[in-house]
Amino acid sequence: MTVMDKKRAGFTFEGIGTKWCILTDGAPLSEDARISVLAHVGSFNERFSRFLFSSETCAFRNAAAGTYPVSDEFAKLLSRADELRRLTGGRYDPAVGGLLEEAGYDAAHSMTPRQGTAQFVLPAWSLMGRELTIDGPVVFDIGGIGKGYCIDRVAGILEQYGHRHYLVDGGGDMYGTKKRGGEAWHVALEYPGKSDTAAGVVELEDQGIAVSDSFRRRWDTWHHIVDPLLRTPIERVVGAVAVAKNAWTADCVTSALFLSDEEQRPAIARSFPSEFLVFRGDETARVSPNWSGELFLSRSTS
Amino acid sequence: MPRSIAIGVLVIAVVALFLYRFGSPLAQSSGMRGALQSANEPNLQAAREVSVVAEYKTPKSTDKVRFAVTIDSNGAIEAVRTTDVLKGDAATEKLQAFSQELLVVIRGKKLSELNSVDRIGKSSLTTAAFNAALPNLKAQL
């Protein structure tokens, strides 16, 4: 047994642009559970992918200023996004979708930044219940919070089908219960930008984990984590890890860590209790005081 | 140099100083299970706190910061606190936020050296569409 237990292949599939793997400790996933999981992930992609013009996130790309009803689930996601927007001083904002498109990360994957990036003005939006008010066209991108939410919904499906000991891996973000014997799932943390290297190992027990870095999805001078106020990609932080009570919380925390200043972190930690790790662009890292995972530290500085 | 970076550099310097002074690897803090604990590290008798004042220059002035380092009975640093000397013990929110996090440098370990890992947590792989677009992008450079 080396990196992963080869005996535990799990149920693998592709969804929302990434590879998924569901491990169970005990009975394998039933056919019905697999069908339900695939249907849910497929539906989530159709409803919220920025790359599908028929999605709800794209529904307002040509809309006039006004107030529009949105679905319960989109309202739930936007409500969480609004909280993150407040905690990060406006630097996490799902209305950044238009800027990403200007930078070339569009549905056609043109990957050619247009001159409009410098003039991009972040659309204003507000939410009251299920009523979304916008000041004009807006393209929403729920990257940074959507996948964690989807992972937790998949976990809910597994529970419905009677599974109690499982790990849902949605492209590197996860939710894991305990194993049958009460043991934790062991998850290695990929070092940002080094796919053969682990920064550490965490144990998941009824917890979610999110891992994000800026080394993947890079093109030209851009990558996919962008400060919408400065209209530039984030470089002072190159990676973030969060462990929380569920995958959605962990996903939200990693996004907030990328897009916040250090003085904003206490408020973020109060709103989203978690353990976290921030990899900075100067090759140092910051660890939350409650971090319980193992880290492979450098002797010279630590 | 931004103040946060200057403080970070100072913390590294202070930690390095303590490593040198006490001959013990700073392997862990706040419950972090250390990967670097040495069989030869000294067994100190009791936890203790030591502090040092460091100066650093900003564009406008010279600031002083007090670092308080708690060392446990095994010689590992348990906590690092900072206090802005010039402003007394009432640390600013920024310093509080800073001192609540521990600055570390992570060396990493080859994934192939790890045993009994169930999965690898990582940033999502790039999509097929993204990867397909990159050659076109390079061709334009």
# chains A, B, ... in the order shown; residues from 1 in each chain; ligands from 1

call {"tool": "residues_around", "arguments": {"residues": "Asp282 of chain A", "least_positions_apart": "4", "cutoff": "10 Å", "atoms": "only C-alpha atoms", "output": "mmCIF file with N, CA and C atoms, in the first residue's frame"}}
result
data_model
loop_
_atom_site.group_PDB
_atom_site.id
_atom_site.type_symbol
_atom_site.label_atom_id
_atom_site.label_comp_id
_atom_site.auth_asym_id
_atom_site.auth_seq_id
_atom_site.Cartn_x
_atom_site.Cartn_y
_atom_site.Cartn_z
ATOM 1 N N GLU A 235 -1.994 36.794 -5.878
ATOM 2 C CA GLU A 235 -0.664 36.178 -5.875
ATOM 3 C C GLU A 235 -0.056 36.087 -4.482
ATOM 4 N N ARG A 236 -0.537 36.893 -3.537
ATOM 5 C CA ARG A 236 0.090 36.866 -2.210
ATOM 6 C C ARG A 236 -0.237 35.581 -1.461
ATOM 7 N N VAL A 237 -1.352 34.937 -1.836
ATOM 8 C CA VAL A 237 -1.699 33.618 -1.314
ATOM 9 C C VAL A 237 -1.713 32.647 -2.493
ATOM 10 N N VAL A 238 -1.052 31.508 -2.331
ATOM 11 C CA VAL A 238 -0.988 30.555 -3.451
ATOM 12 C C VAL A 238 -1.724 29.252 -3.141
ATOM 13 N N ILE B 5 4.609 41.788 6.329
ATOM 14 C CA ILE B 5 5.741 41.004 5.826
ATOM 15 C C ILE B 5 6.932 41.179 6.759
ATOM 16 N N VAL B 105 7.220 27.131 7.837
ATOM 17 C CA VAL B 105 7.695 26.821 6.492
ATOM 18 C C VAL B 105 7.553 25.320 6.317
#

call {"tool": "select_by_dssp", "arguments": {"residues": "segment 4-217 of chain A", "states": "alpha helix (DSSP H)", "output": "PyMOL selection string"}}
result
chain A and resi 31-48+72-87+97-102+116-119+146-160

call {"tool": "write_last_selection", "arguments": {"atoms": "C-alpha atoms", "output": "PDB file, in the first residue's frame"}}
result
ATOM      1  CA  GLU A  31     -27.000   0.948  -8.082  1.00  0.00           C
ATOM      2  CA  ASP A  32     -29.851   3.194  -6.989  1.00  0.00           C
ATOM      3  CA  ALA A  33     -27.517   5.337  -4.910  1.00  0.00           C
ATOM      4  CA  ARG A  34     -25.111   5.687  -7.819  1.00  0.00           C
ATOM      5  CA  ILE A  35     -27.896   6.758 -10.144  1.00  0.00           C
ATOM      6  CA  SER A  36     -29.128   9.321  -7.630  1.00  0.00           C
ATOM      7  CA  VAL A  37     -25.635  10.732  -7.116  1.00  0.00           C
ATOM      8  CA  LEU A  38     -25.014  11.050 -10.852  1.00  0.00           C
ATOM      9  CA  ALA A  39     -28.392  12.681 -11.374  1.00  0.00           C
ATOM     10  CA  HIS A  40     -27.768  15.177  -8.603  1.00  0.00           C
ATOM     11  CA  VAL A  41     -24.281  16.184  -9.724  1.00  0.00           C
ATOM     12  CA  GLY A  42     -25.425  16.430 -13.337  1.00  0.00           C
ATOM     13  CA  SER A  43     -28.363  18.585 -12.356  1.00  0.00           C
ATOM     14  CA  PHE A  44     -26.176  20.812 -10.192  1.00  0.00           C
ATOM     15  CA  ASN A  45     -23.869  21.416 -13.148  1.00  0.00           C
ATOM     16  CA  GLU A  46     -26.745  22.247 -15.484  1.00  0.00           C
ATOM     17  CA  ARG A  47     -28.244  24.657 -13.001  1.00  0.00           C
ATOM     18  CA  PHE A  48     -25.149  26.497 -11.828  1.00  0.00           C
ATOM     19  CA  ASP A  72     -34.426  28.341  -3.381  1.00  0.00           C
ATOM     20  CA  GLU A  73     -31.085  26.692  -3.941  1.00  0.00           C
ATOM     21  CA  PHE A  74     -29.586  29.614  -5.844  1.00  0.00           C
ATOM     22  CA  ALA A  75     -30.819  31.933  -3.120  1.00  0.00           C
ATOM     23  CA  LYS A  76     -29.113  29.743  -0.553  1.00  0.00           C
ATOM     24  CA  LEU A  77     -25.835  29.888  -2.475  1.00  0.00           C
ATOM     25  CA  LEU A  78     -26.090  33.641  -3.062  1.00  0.00           C
ATOM     26  CA  SER A  79     -26.897  34.215   0.588  1.00  0.00           C
ATOM     27  CA  ARG A  80     -23.721  32.440   1.602  1.00  0.00           C
ATOM     28  CA  ALA A  81     -21.811  34.357  -1.080  1.00  0.00           C
ATOM     29  CA  ASP A  82     -23.200  37.595   0.328  1.00  0.00           C
ATOM     30  CA  GLU A  83     -21.872  36.679   3.771  1.00  0.00           C
ATOM     31  CA  LEU A  84     -18.437  35.961   2.321  1.00  0.00           C
ATOM     32  CA  ARG A  85     -18.581  39.214   0.370  1.00  0.00           C
ATOM     33  CA  ARG A  86     -19.132  41.078   3.633  1.00  0.00           C
ATOM     34  CA  LEU A  87     -16.373  39.216   5.490  1.00  0.00           C
ATOM     35  CA  GLY A  97     -17.967  35.912 -13.588  1.00  0.00           C
ATOM     36  CA  GLY A  98     -17.916  38.740 -16.098  1.00  0.00           C
ATOM     37  CA  LEU A  99     -14.318  39.602 -15.244  1.00  0.00           C
ATOM     38  CA  LEU A 100     -13.235  35.984 -15.678  1.00  0.00           C
ATOM     39  CA  GLU A 101     -14.878  35.986 -19.090  1.00  0.00           C
ATOM     40  CA  GLU A 102     -13.068  39.200 -20.022  1.00  0.00           C
ATOM     41  CA  GLY A 116     -12.168  44.971 -21.078  1.00  0.00           C
ATOM     42  CA  THR A 117     -10.517  43.584 -17.966  1.00  0.00           C
ATOM     43  CA  ALA A 118      -9.056  46.955 -17.048  1.00  0.00           C
ATOM     44  CA  GLN A 119     -12.442  48.658 -17.335  1.00  0.00           C
ATOM     45  CA  GLY A 146     -20.439  25.539  -5.147  1.00  0.00           C
ATOM     46  CA  LYS A 147     -18.421  22.368  -5.070  1.00  0.00           C
ATOM     47  CA  GLY A 148     -18.399  22.062  -1.308  1.00  0.00           C
ATOM     48  CA  TYR A 149     -22.145  22.556  -1.286  1.00  0.00           C
ATOM     49  CA  CYS A 150     -22.554  19.850  -3.918  1.00  0.00           C
ATOM     50  CA  ILE A 151     -20.318  17.438  -1.988  1.00  0.00           C
ATOM     51  CA  ASP A 152     -22.493  17.807   1.103  1.00  0.00           C
ATOM     52  CA  ARG A 153     -25.616  17.158  -0.960  1.00  0.00           C
ATOM     53  CA  VAL A 154     -24.028  13.968  -2.291  1.00  0.00           C
ATOM     54  CA  ALA A 155     -23.242  12.940   1.275  1.00  0.00           C
ATOM     55  CA  GLY A 156     -26.907  13.504   2.072  1.00  0.00           C
ATOM     56  CA  ILE A 157     -27.889  11.154  -0.740  1.00  0.00           C
ATOM     57  CA  LEU A 158     -25.590   8.463   0.633  1.00  0.00           C
ATOM     58  CA  GLU A 159     -27.225   8.846   4.034  1.00  0.00           C
ATOM     59  CA  GLN A 160     -30.638   8.461   2.440  1.00  0.00           C
TER      60      GLN A 160
END

call {"tool": "closest_residue", "arguments": {"among": "A:Ser274, A:Asn246, A:Ser30, A:Thr18", "to": "chain B", "atoms": "only C-alpha atoms"}}
result
A:Thr18

call {"tool": "atom_distance", "arguments": {"atom1": "atom CA of Ala63 of chain A", "atom2": "atom CA of Asp135 of chain A"}}
result
9.0 Å

call {"tool": "atom_distance", "arguments": {"atom1": "atom CA of Asp106 of chain A", "atom2": "atom CA of Gly144 of chain A"}}
result
16.7 Å

call {"tool": "atom_distance", "arguments": {"atom1": "atom CA of Thr221 of chain A", "atom2": "atom CA of Ala108 of chain A"}}
result
18.5 Å

call {"tool": "residues_around", "arguments": {"residues": "Ile234 of chain A", "least_positions_apart": "3", "cutoff": "10 Å", "atoms": "only C-alpha atoms", "output": "list in words"}}
result
Ser214, Trp222, His223, His224, Ile225, Val226, Asp227, Pro228, Leu230, Arg231, Val237, Val238, Phe258, Leu259 and Gly281 of chain A

call {"tool": "residues_around", "arguments": {"residues": "Leu189 of chain A", "least_positions_apart": "3", "cutoff": "12 Å", "atoms": "only C-alpha atoms", "output": "ChimeraX atom specification"}}
result
/A:3,172-174,186,192-203,209-213,239-243,276-277,279,293-296 /B:106,108-111,114,117-123

call {"tool": "write_last_selection", "arguments": {"atoms": "N, CA and C atoms", "output": "CSV table (one decimal), in the first residue's frame"}}
result
chain,number,residue,atom,x,y,z
A,3,VAL,N,0.5,5.3,-1.8
A,3,VAL,CA,-0.2,6.5,-1.6
A,3,VAL,C,-1.7,6.2,-1.2
A,172,GLY,N,-10.9,16.6,-5.1
A,172,GLY,CA,-9.9,17.1,-4.1
A,172,GLY,C,-10.5,17.7,-2.8
A,173,ASP,N,-11.7,18.2,-2.9
A,173,ASP,CA,-12.4,18.6,-1.7
A,173,ASP,C,-13.3,17.4,-1.3
A,174,MET,N,-13.5,17.3,0.0
A,174,MET,CA,-14.1,16.0,0.5
A,174,MET,C,-15.0,16.2,1.7
A,186,HIS,N,-7.8,9.1,6.3
A,186,HIS,CA,-6.6,9.9,6.2
A,186,HIS,C,-6.4,10.5,4.8
A,192,PRO,N,0.9,23.0,-2.8
A,192,PRO,CA,0.5,23.8,-3.9
A,192,PRO,C,1.6,23.8,-5.0
A,193,GLY,N,1.2,23.4,-6.2
A,193,GLY,CA,2.1,23.5,-7.3
A,193,GLY,C,3.1,22.3,-7.4
A,194,LYS,N,3.0,21.3,-6.4
A,194,LYS,CA,3.9,20.2,-6.5
A,194,LYS,C,3.0,18.9,-6.3
A,195,SER,N,2.6,18.4,-7.4
A,195,SER,CA,1.6,17.3,-7.4
A,195,SER,C,2.2,16.0,-6.8
A,196,ASP,N,3.5,15.9,-6.7
A,196,ASP,CA,4.1,14.7,-6.1
A,196,ASP,C,4.4,14.8,-4.6
A,197,THR,N,4.1,15.9,-4.0
A,197,THR,CA,4.5,16.2,-2.7
A,197,THR,C,3.3,16.5,-1.8
A,198,ALA,N,3.4,16.0,-0.6
A,198,ALA,CA,2.3,16.2,0.4
A,198,ALA,C,2.9,17.3,1.4
A,199,ALA,N,2.0,18.3,1.7
A,199,ALA,CA,2.4,19.2,2.7
A,199,ALA,C,2.1,18.7,4.1
A,200,GLY,N,1.2,17.7,4.2
A,200,GLY,CA,0.8,17.1,5.5
A,200,GLY,C,-0.3,16.1,5.3
A,201,VAL,N,-0.8,15.7,6.4
A,201,VAL,CA,-1.9,14.7,6.4
A,201,VAL,C,-3.0,15.1,7.4
A,202,VAL,N,-4.2,15.1,7.1
A,202,VAL,CA,-5.3,15.3,8.1
A,202,VAL,C,-6.1,14.1,8.2
A,203,GLU,N,-6.8,14.0,9.4
A,203,GLU,CA,-7.7,13.0,9.6
A,203,GLU,C,-9.1,13.5,9.6
A,209,ILE,N,-13.3,18.8,4.1
A,209,ILE,CA,-12.0,19.5,3.8
A,209,ILE,C,-12.1,20.1,2.4
A,210,ALA,N,-11.5,21.3,2.3
A,210,ALA,CA,-11.3,21.9,1.0
A,210,ALA,C,-9.9,22.3,0.8
A,211,VAL,N,-9.4,22.1,-0.4
A,211,VAL,CA,-8.0,22.5,-0.7
A,211,VAL,C,-8.0,23.3,-2.0
A,212,SER,N,-7.4,24.4,-2.0
A,212,SER,CA,-7.4,25.2,-3.2
A,212,SER,C,-6.0,25.8,-3.5
A,213,ASP,N,-5.6,25.8,-4.7
A,213,ASP,CA,-4.3,26.5,-5.0
A,213,ASP,C,-4.5,27.2,-6.4
A,239,GLY,N,-2.1,29.1,-1.9
A,239,GLY,CA,-2.9,27.9,-1.6
A,239,GLY,C,-3.6,28.0,-0.2
A,240,ALA,N,-4.6,27.2,0.0
A,240,ALA,CA,-5.3,27.3,1.2
A,240,ALA,C,-6.0,25.9,1.5
A,241,VAL,N,-6.0,25.5,2.8
A,241,VAL,CA,-6.7,24.3,3.2
A,241,VAL,C,-7.5,24.6,4.4
A,242,ALA,N,-8.7,24.1,4.4
A,242,ALA,CA,-9.6,24.2,5.6
A,242,ALA,C,-10.3,22.9,5.9
A,243,VAL,N,-10.4,22.7,7.2
A,243,VAL,CA,-11.1,21.5,7.7
A,243,VAL,C,-12.3,22.1,8.6
A,276,PHE,N,-7.4,25.9,9.6
A,276,PHE,CA,-7.0,26.2,8.3
A,276,PHE,C,-5.5,26.4,8.2
A,277,LEU,N,-5.0,26.4,6.9
A,277,LEU,CA,-3.6,26.6,6.6
A,277,LEU,C,-3.6,27.4,5.3
A,279,PHE,N,-1.1,29.0,2.4
A,279,PHE,CA,0.3,29.0,1.8
A,279,PHE,C,0.4,30.4,1.1
A,293,GLY,N,-4.0,18.6,12.2
A,293,GLY,CA,-3.4,17.7,11.3
A,293,GLY,C,-1.9,17.7,11.3
A,294,GLU,N,-1.3,16.8,10.7
A,294,GLU,CA,0.2,16.7,10.6
A,294,GLU,C,0.7,17.6,9.5
A,295,LEU,N,1.8,18.3,9.7
A,295,LEU,CA,2.5,19.0,8.7
A,295,LEU,C,3.9,18.6,8.6
A,296,PHE,N,4.4,18.6,7.4
A,296,PHE,CA,5.8,18.2,7.2
A,296,PHE,C,6.6,19.5,7.1
B,106,ILE,N,6.8,24.9,5.3
B,106,ILE,CA,6.5,23.5,5.1
B,106,ILE,C,7.4,22.9,4.1
B,108,GLY,N,7.4,19.6,3.2
B,108,GLY,CA,6.7,18.6,2.4
B,108,GLY,C,7.3,17.2,2.4
B,109,LYS,N,6.7,16.3,1.9
B,109,LYS,CA,7.2,14.9,1.9
B,109,LYS,C,6.6,14.2,0.6
B,110,LYS,N,7.4,13.4,-0.1
B,110,LYS,CA,6.9,12.8,-1.3
B,110,LYS,C,5.7,11.9,-1.0
B,111,LEU,N,4.7,12.1,-1.8
B,111,LEU,CA,3.5,11.3,-1.6
B,111,LEU,C,3.8,9.8,-1.6
B,114,LEU,N,4.3,8.1,1.8
B,114,LEU,CA,3.2,8.1,2.7
B,114,LEU,C,2.5,6.7,2.7
B,117,VAL,N,-2.8,6.3,3.3
B,117,VAL,CA,-3.5,7.5,2.9
B,117,VAL,C,-4.7,7.1,2.1
B,118,ASP,N,-5.9,7.5,2.4
B,118,ASP,CA,-7.1,7.1,1.7
B,118,ASP,C,-7.3,8.0,0.4
B,119,ARG,N,-7.0,9.2,0.5
B,119,ARG,CA,-7.2,10.1,-0.6
B,119,ARG,C,-6.2,11.3,-0.6
B,120,ILE,N,-6.1,12.0,-1.6
B,120,ILE,CA,-5.3,13.2,-1.7
B,120,ILE,C,-6.2,14.5,-1.8
B,121,GLY,N,-6.1,15.4,-0.9
B,121,GLY,CA,-6.8,16.6,-1.0
B,121,GLY,C,-6.0,17.6,-1.9
B,122,LYS,N,-6.7,18.2,-2.8
B,122,LYS,CA,-6.0,19.0,-3.8
B,122,LYS,C,-6.9,19.9,-4.5
B,123,SER,N,-6.3,20.9,-5.2
B,123,SER,CA,-7.1,21.8,-6.0
B,123,SER,C,-7.6,20.9,-7.2

call {"tool": "closest_residue", "arguments": {"among": "A:Gln264, A:Thr177, A:Ser49, A:Thr232", "to": "Asp25 of chain A", "atoms": "only C-alpha atoms"}}
result
A:Thr177

call {"tool": "decode", "arguments": {"residues": "segment 112-230 of chain A", "atoms": "C-alpha atoms", "output": "PDB file, in the first residue's frame"}}
result
ATOM      1  CA  THR A 112      -7.237  35.301 -24.461  1.00  0.00           C
ATOM      2  CA  PRO A 113      -7.568  38.283 -22.136  1.00  0.00           C
ATOM      3  CA  ARG A 114      -9.546  41.122 -23.640  1.00  0.00           C
ATOM      4  CA  GLN A 115      -8.955  44.790 -23.045  1.00  0.00           C
ATOM      5  CA  GLY A 116     -12.168  44.971 -21.078  1.00  0.00           C
ATOM      6  CA  THR A 117     -10.517  43.584 -17.966  1.00  0.00           C
ATOM      7  CA  ALA A 118      -9.056  46.955 -17.048  1.00  0.00           C
ATOM      8  CA  GLN A 119     -12.442  48.658 -17.335  1.00  0.00           C
ATOM      9  CA  PHE A 120     -14.458  45.917 -15.680  1.00  0.00           C
ATOM     10  CA  VAL A 121     -16.885  47.256 -13.115  1.00  0.00           C
ATOM     11  CA  LEU A 122     -18.213  44.732 -10.648  1.00  0.00           C
ATOM     12  CA  PRO A 123     -22.005  44.572 -11.015  1.00  0.00           C
ATOM     13  CA  ALA A 124     -23.950  45.418  -7.888  1.00  0.00           C
ATOM     14  CA  TRP A 125     -26.448  42.910  -6.528  1.00  0.00           C
ATOM     15  CA  SER A 126     -28.416  42.263  -3.385  1.00  0.00           C
ATOM     16  CA  LEU A 127     -30.619  39.482  -2.152  1.00  0.00           C
ATOM     17  CA  MET A 128     -33.766  39.607  -0.090  1.00  0.00           C
ATOM     18  CA  GLY A 129     -35.131  36.121   0.476  1.00  0.00           C
ATOM     19  CA  ARG A 130     -35.571  34.774  -3.028  1.00  0.00           C
ATOM     20  CA  GLU A 131     -35.597  38.206  -4.658  1.00  0.00           C
ATOM     21  CA  LEU A 132     -32.403  39.144  -6.458  1.00  0.00           C
ATOM     22  CA  THR A 133     -31.876  42.807  -7.310  1.00  0.00           C
ATOM     23  CA  ILE A 134     -29.240  43.737  -9.884  1.00  0.00           C
ATOM     24  CA  ASP A 135     -28.122  47.005 -11.419  1.00  0.00           C
ATOM     25  CA  GLY A 136     -27.640  45.516 -14.863  1.00  0.00           C
ATOM     26  CA  PRO A 137     -26.190  42.462 -16.597  1.00  0.00           C
ATOM     27  CA  VAL A 138     -24.271  40.123 -14.320  1.00  0.00           C
ATOM     28  CA  VAL A 139     -22.626  36.724 -14.756  1.00  0.00           C
ATOM     29  CA  PHE A 140     -22.412  34.813 -11.514  1.00  0.00           C
ATOM     30  CA  ASP A 141     -19.595  32.400 -10.765  1.00  0.00           C
ATOM     31  CA  ILE A 142     -20.142  30.296  -7.669  1.00  0.00           C
ATOM     32  CA  GLY A 143     -16.694  28.754  -7.902  1.00  0.00           C
ATOM     33  CA  GLY A 144     -15.255  28.700  -4.425  1.00  0.00           C
ATOM     34  CA  ILE A 145     -18.483  27.725  -2.725  1.00  0.00           C
ATOM     35  CA  GLY A 146     -20.439  25.539  -5.147  1.00  0.00           C
ATOM     36  CA  LYS A 147     -18.421  22.368  -5.070  1.00  0.00           C
ATOM     37  CA  GLY A 148     -18.399  22.062  -1.308  1.00  0.00           C
ATOM     38  CA  TYR A 149     -22.145  22.556  -1.286  1.00  0.00           C
ATOM     39  CA  CYS A 150     -22.554  19.850  -3.918  1.00  0.00           C
ATOM     40  CA  ILE A 151     -20.318  17.438  -1.988  1.00  0.00           C
ATOM     41  CA  ASP A 152     -22.493  17.807   1.103  1.00  0.00           C
ATOM     42  CA  ARG A 153     -25.616  17.158  -0.960  1.00  0.00           C
ATOM     43  CA  VAL A 154     -24.028  13.968  -2.291  1.00  0.00           C
ATOM     44  CA  ALA A 155     -23.242  12.940   1.275  1.00  0.00           C
ATOM     45  CA  GLY A 156     -26.907  13.504   2.072  1.00  0.00           C
ATOM     46  CA  ILE A 157     -27.889  11.154  -0.740  1.00  0.00           C
ATOM     47  CA  LEU A 158     -25.590   8.463   0.633  1.00  0.00           C
ATOM     48  CA  GLU A 159     -27.225   8.846   4.034  1.00  0.00           C
ATOM     49  CA  GLN A 160     -30.638   8.461   2.440  1.00  0.00           C
ATOM     50  CA  TYR A 161     -29.518   5.134   1.024  1.00  0.00           C
ATOM     51  CA  GLY A 162     -28.344   3.942   4.408  1.00  0.00           C
ATOM     52  CA  HIS A 163     -24.604   4.474   4.073  1.00  0.00           C
ATOM     53  CA  ARG A 164     -22.904   5.566   7.276  1.00  0.00           C
ATOM     54  CA  HIS A 165     -19.204   5.057   6.560  1.00  0.00           C
ATOM     55  CA  TYR A 166     -18.024   6.869   3.453  1.00  0.00           C
ATOM     56  CA  LEU A 167     -15.748   9.507   1.952  1.00  0.00           C
ATOM     57  CA  VAL A 168     -16.973  11.751  -0.851  1.00  0.00           C
ATOM     58  CA  ASP A 169     -14.080  13.189  -2.869  1.00  0.00           C
ATOM     59  CA  GLY A 170     -15.206  15.869  -5.310  1.00  0.00           C
ATOM     60  CA  GLY A 171     -12.026  16.691  -7.188  1.00  0.00           C
ATOM     61  CA  GLY A 172      -9.877  17.057  -4.082  1.00  0.00           C
ATOM     62  CA  ASP A 173     -12.433  18.598  -1.723  1.00  0.00           C
ATOM     63  CA  MET A 174     -14.130  16.045   0.510  1.00  0.00           C
ATOM     64  CA  TYR A 175     -16.552  15.070   3.204  1.00  0.00           C
ATOM     65  CA  GLY A 176     -15.840  11.989   5.288  1.00  0.00           C
ATOM     66  CA  THR A 177     -17.666  10.217   8.080  1.00  0.00           C
ATOM     67  CA  LYS A 178     -15.839   7.742  10.287  1.00  0.00           C
ATOM     68  CA  LYS A 179     -14.861   4.281   9.101  1.00  0.00           C
ATOM     69  CA  ARG A 180     -16.728   1.258  10.448  1.00  0.00           C
ATOM     70  CA  GLY A 181     -14.322   0.807  13.325  1.00  0.00           C
ATOM     71  CA  GLY A 182     -14.533   4.463  14.244  1.00  0.00           C
ATOM     72  CA  GLU A 183     -11.235   5.363  12.582  1.00  0.00           C
ATOM     73  CA  ALA A 184     -10.737   8.545  10.622  1.00  0.00           C
ATOM     74  CA  TRP A 185     -10.152   8.818   6.902  1.00  0.00           C
ATOM     75  CA  HIS A 186      -6.560   9.862   6.198  1.00  0.00           C
ATOM     76  CA  VAL A 187      -6.214  12.591   3.602  1.00  0.00           C
ATOM     77  CA  ALA A 188      -2.868  13.822   2.302  1.00  0.00           C
ATOM     78  CA  LEU A 189      -2.631  17.501   1.408  1.00  0.00           C
ATOM     79  CA  GLU A 190      -1.062  18.204  -1.930  1.00  0.00           C
ATOM     80  CA  TYR A 191       1.614  20.876  -1.722  1.00  0.00           C
ATOM     81  CA  PRO A 192       0.531  23.799  -3.918  1.00  0.00           C
ATOM     82  CA  GLY A 193       2.149  23.454  -7.303  1.00  0.00           C
ATOM     83  CA  LYS A 194       3.863  20.152  -6.466  1.00  0.00           C
ATOM     84  CA  SER A 195       1.632  17.272  -7.416  1.00  0.00           C
ATOM     85  CA  ASP A 196       4.090  14.652  -6.106  1.00  0.00           C
ATOM     86  CA  THR A 197       4.502  16.225  -2.686  1.00  0.00           C
ATOM     87  CA  ALA A 198       2.349  16.246   0.425  1.00  0.00           C
ATOM     88  CA  ALA A 199       2.379  19.241   2.742  1.00  0.00           C
ATOM     89  CA  GLY A 200       0.806  17.146   5.480  1.00  0.00           C
ATOM     90  CA  VAL A 201      -1.925  14.710   6.386  1.00  0.00           C
ATOM     91  CA  VAL A 202      -5.254  15.341   8.076  1.00  0.00           C
ATOM     92  CA  GLU A 203      -7.728  12.951   9.621  1.00  0.00           C
ATOM     93  CA  LEU A 204     -11.359  13.392   8.682  1.00  0.00           C
ATOM     94  CA  GLU A 205     -14.058  12.300  11.089  1.00  0.00           C
ATOM     95  CA  ASP A 206     -17.502  13.605  10.183  1.00  0.00           C
ATOM     96  CA  GLN A 207     -15.772  16.606   8.628  1.00  0.00           C
ATOM     97  CA  GLY A 208     -15.246  18.311   5.333  1.00  0.00           C
ATOM     98  CA  ILE A 209     -12.007  19.502   3.810  1.00  0.00           C
ATOM     99  CA  ALA A 210     -11.327  21.926   1.000  1.00  0.00           C
ATOM    100  CA  VAL A 211      -8.013  22.453  -0.741  1.00  0.00           C
ATOM    101  CA  SER A 212      -7.370  25.207  -3.226  1.00  0.00           C
ATOM    102  CA  ASP A 213      -4.345  26.523  -5.048  1.00  0.00           C
ATOM    103  CA  SER A 214      -3.634  28.941  -7.827  1.00  0.00           C
ATOM    104  CA  PHE A 215      -1.201  26.787  -9.777  1.00  0.00           C
ATOM    105  CA  ARG A 216      -3.835  24.957 -11.734  1.00  0.00           C
ATOM    106  CA  ARG A 217      -5.972  26.764 -14.270  1.00  0.00           C
ATOM    107  CA  ARG A 218      -3.350  29.355 -15.159  1.00  0.00           C
ATOM    108  CA  TRP A 219      -3.198  31.082 -18.509  1.00  0.00           C
ATOM    109  CA  ASP A 220      -1.420  34.168 -19.811  1.00  0.00           C
ATOM    110  CA  THR A 221      -0.864  36.268 -16.672  1.00  0.00           C
ATOM    111  CA  TRP A 222      -4.090  35.018 -15.083  1.00  0.00           C
ATOM    112  CA  HIS A 223      -5.422  32.251 -12.926  1.00  0.00           C
ATOM    113  CA  HIS A 224      -8.926  31.523 -11.743  1.00  0.00           C
ATOM    114  CA  ILE A 225      -8.852  33.217  -8.309  1.00  0.00           C
ATOM    115  CA  VAL A 226      -9.292  36.881  -8.988  1.00  0.00           C
ATOM    116  CA  ASP A 227      -9.595  40.023  -6.896  1.00  0.00           C
ATOM    117  CA  PRO A 228     -12.572  41.734  -8.532  1.00  0.00           C
ATOM    118  CA  LEU A 229     -11.724  45.103  -7.005  1.00  0.00           C
ATOM    119  CA  LEU A 230      -8.150  45.180  -8.301  1.00  0.00           C
TER     120      LEU A 230
END
